[in-house]
Amino acid sequence: MTIKHFLQFNDLTTDELNYIFERTRWIKAQFKAYQQYWPLSDRTLVMIFEKASTRTRLSFEAGMQQLGGSAIYLNTRDSQLGRGEPVEDAAQVISRMSDLVMIRTFEQDIIERFAANSRVPVINGLTNEYHPCQILADIFTFIEHRGPIKGKTVAWIGDSNNVCNTWLQAAEVLDFNVHVSTPPGYEVEPERANLYGDSHYEEFADPMEAARDADLVTTDVWTSMGFEAENEERMRDFADWQVDADMMRVAKEDALFMHCLPAHRGEEVSADVIDGKHSVVWDEAENRLHVQKALMEYLLLGRVK
């Protein structure tokens with residue numbers, strides 16, 4: 001099978017994504033029923049981390065083991081990558097000793113260069129520009145709770161960061177709408193988000209208007225990794241962009257709330273929202289495990305059913 005990477009959300013087609021969501025449902029059901037399923041026996045995943053992680057490492061490492069394979073953790077500080085080995089050289093070596101590589105790093109260019117020199121599939125575990133595995137999990141969570149996302153409205157409140165960029169890509173591929181509200185100076189950059197057009201998203205100066213009648217309201221921390229020097233300025237700029245109970249009241253009555261975590265209660269989201277009836281953040285977090293298992297299975301084995 002031709003090597004297929006997952007570096008951005010739109011690397012997969014609508015048909016491929018729907019297949020992965022169906023496989024996720026089945027794989028999760030097996031897990032919940034304590035049914036052993038080891039399609040990746042004797043396969044090895046290498047996980048390369050340049051950015052800190054809790055959910056990404058746990059979900060990939062546990063997921064690979066639950067599929068019968070093994071996972072190896074590499075931190076760039078503890079490898080030759082941290083001592084200046086070219087990404088291209090590292091890709092040549094690592095991909096000859098493993099079956100699959102997941103990378104969590106800074107610039108998207110790093111993972112693109114690695115994939116261009118890899119003999120095995122490469123998965124984006126997060127870059128400054130995109131977070132495709134997170135949005136896979138988010139959309140599967142929506143499907144579990146509310147059915148197909150096609151034609152629905154997602155309200156993104158906060159920074160137009162890597163998670164926002166990926167929601168915008170997902171909207172194009174899966175045909176739903178995103179309402180984006182950011183403070184002035186933090187607006188969507190279509191080229192950075194690698195969008196085809198603007199027919200699937202709309203920007204709102206007022207976050208309350210962005211959330212109005214939304215099926216899903218979602219947000220992220222105001223200061224992403226790598227932007228810590230801007231923290232004080234961002235605290236001031238984003239003060240009116242907290243998802244709170246008033247905002248959820250203008251969304252649809254059965255609207256869901258999501259957050260990719262970790263969350264800062266009292267900043268981007270109020271405690272009564274993230275811990276309230278609309279919130280599905282714990283299902284969302286768990287689903288990283290299951291959707292990534294389906295993704296790894298697909299990249300290594302293709303369609304199995």
# chains A, B, ... in the order shown; residues from 1 in each chain; ligands from 1
>>> residues_around(residues="Leu295 in chain A", least_positions_apart="2", cutoff="10 Å", atoms="only C-alpha atoms", output="number ranges by chain")
A: 6, 16-17, 19-21, 23-24, 123, 133, 136, 290-293, 297-302
>>> closest_atom_pairs(of="range 74-171 of chain A", to="range 203-223 of chain A", cutoff="7 Å", atoms="only C-alpha atoms", output="Markdown table")
| residue | atom | partner | partner_atom | distance |
| --- | --- | --- | --- | --- |
| A:Lys152 | CA | A:Asp215 | CA | 6.2 |
| A:Thr153 | CA | A:Ala214 | CA | 5.1 |
| A:Val154 | CA | A:Leu216 | CA | 4.8 |
| A:Ala155 | CA | A:Val217 | CA | 4.7 |
| A:Trp156 | CA | A:Thr218 | CA | 5.2 |
| A:Ile157 | CA | A:Thr219 | CA | 5.2 |
| A:Gly158 | CA | A:Thr219 | CA | 6.1 |
| A:Asp159 | CA | A:Trp222 | CA | 6.3 |
>>> residues_around(residues="Leu289 in chain A", least_positions_apart="5", cutoff="7 Å", atoms="only C-alpha atoms", output="ChimeraX atom specification")
/A:59-60,63
>>> residues_around(residues="Phe9 in chain A", least_positions_apart="2", cutoff="9 Å", atoms="only C-alpha atoms", output="ChimeraX atom specification")
/A:6-7,11-13,130-133,135-136,166-167,169-170,173
>>> select_by_dssp(residues="range 15-262 of chain A", states="strand (DSSP E)", output="VMD selection string")
chain A and resid 44 to 49 70 to 75 100 to 104 122 to 126 153 to 157 177 to 181 201 to 203 216 to 219 256 to 259
>>> residues_around(residues="range 26-41 of chain A", least_positions_apart="5", cutoff="6 Å", atoms="only C-alpha atoms", output="list in words")
Leu67, Gly68, Gly69 and His290 of chain A
>>> closest_residue(among="A:Ala52, A:Leu45, A:Val180, A:Ala115", to="Ser70 in chain A", atoms="only C-alpha atoms")
A:Leu45
>>> atom_distance(atom1="CA of Asn287 in chain A", atom2="CA of Ala137 in chain A")
5.3 Å
>>> closest_residue(among="A:Ala62, A:Leu256, A:Leu74, A:Val120", to="Thr105 in chain A", atoms="only C-alpha atoms")
A:Leu74
>>> select_by_dssp(residues="range 170-261 of chain A", states="helix (DSSP H, G or I)", output="PyMOL selection string")
chain A and resi 170-174+190-193+207-211+228-237+245-250
>>> residues_around(residues="Ser279 in chain A", least_positions_apart="6", cutoff="8 Å", atoms="only C-alpha atoms", output="list of chain:residue names")
A:Leu256, A:Phe257, A:Met258, A:Val273
>>> atom_distance(atom1="CA of Ile72 in chain A", atom2="CA of Glu85 in chain A")
19.1 Å
>>> atom_distance(atom1="CA of Ala171 in chain A", atom2="CA of Ala239 in chain A")
27.2 Å
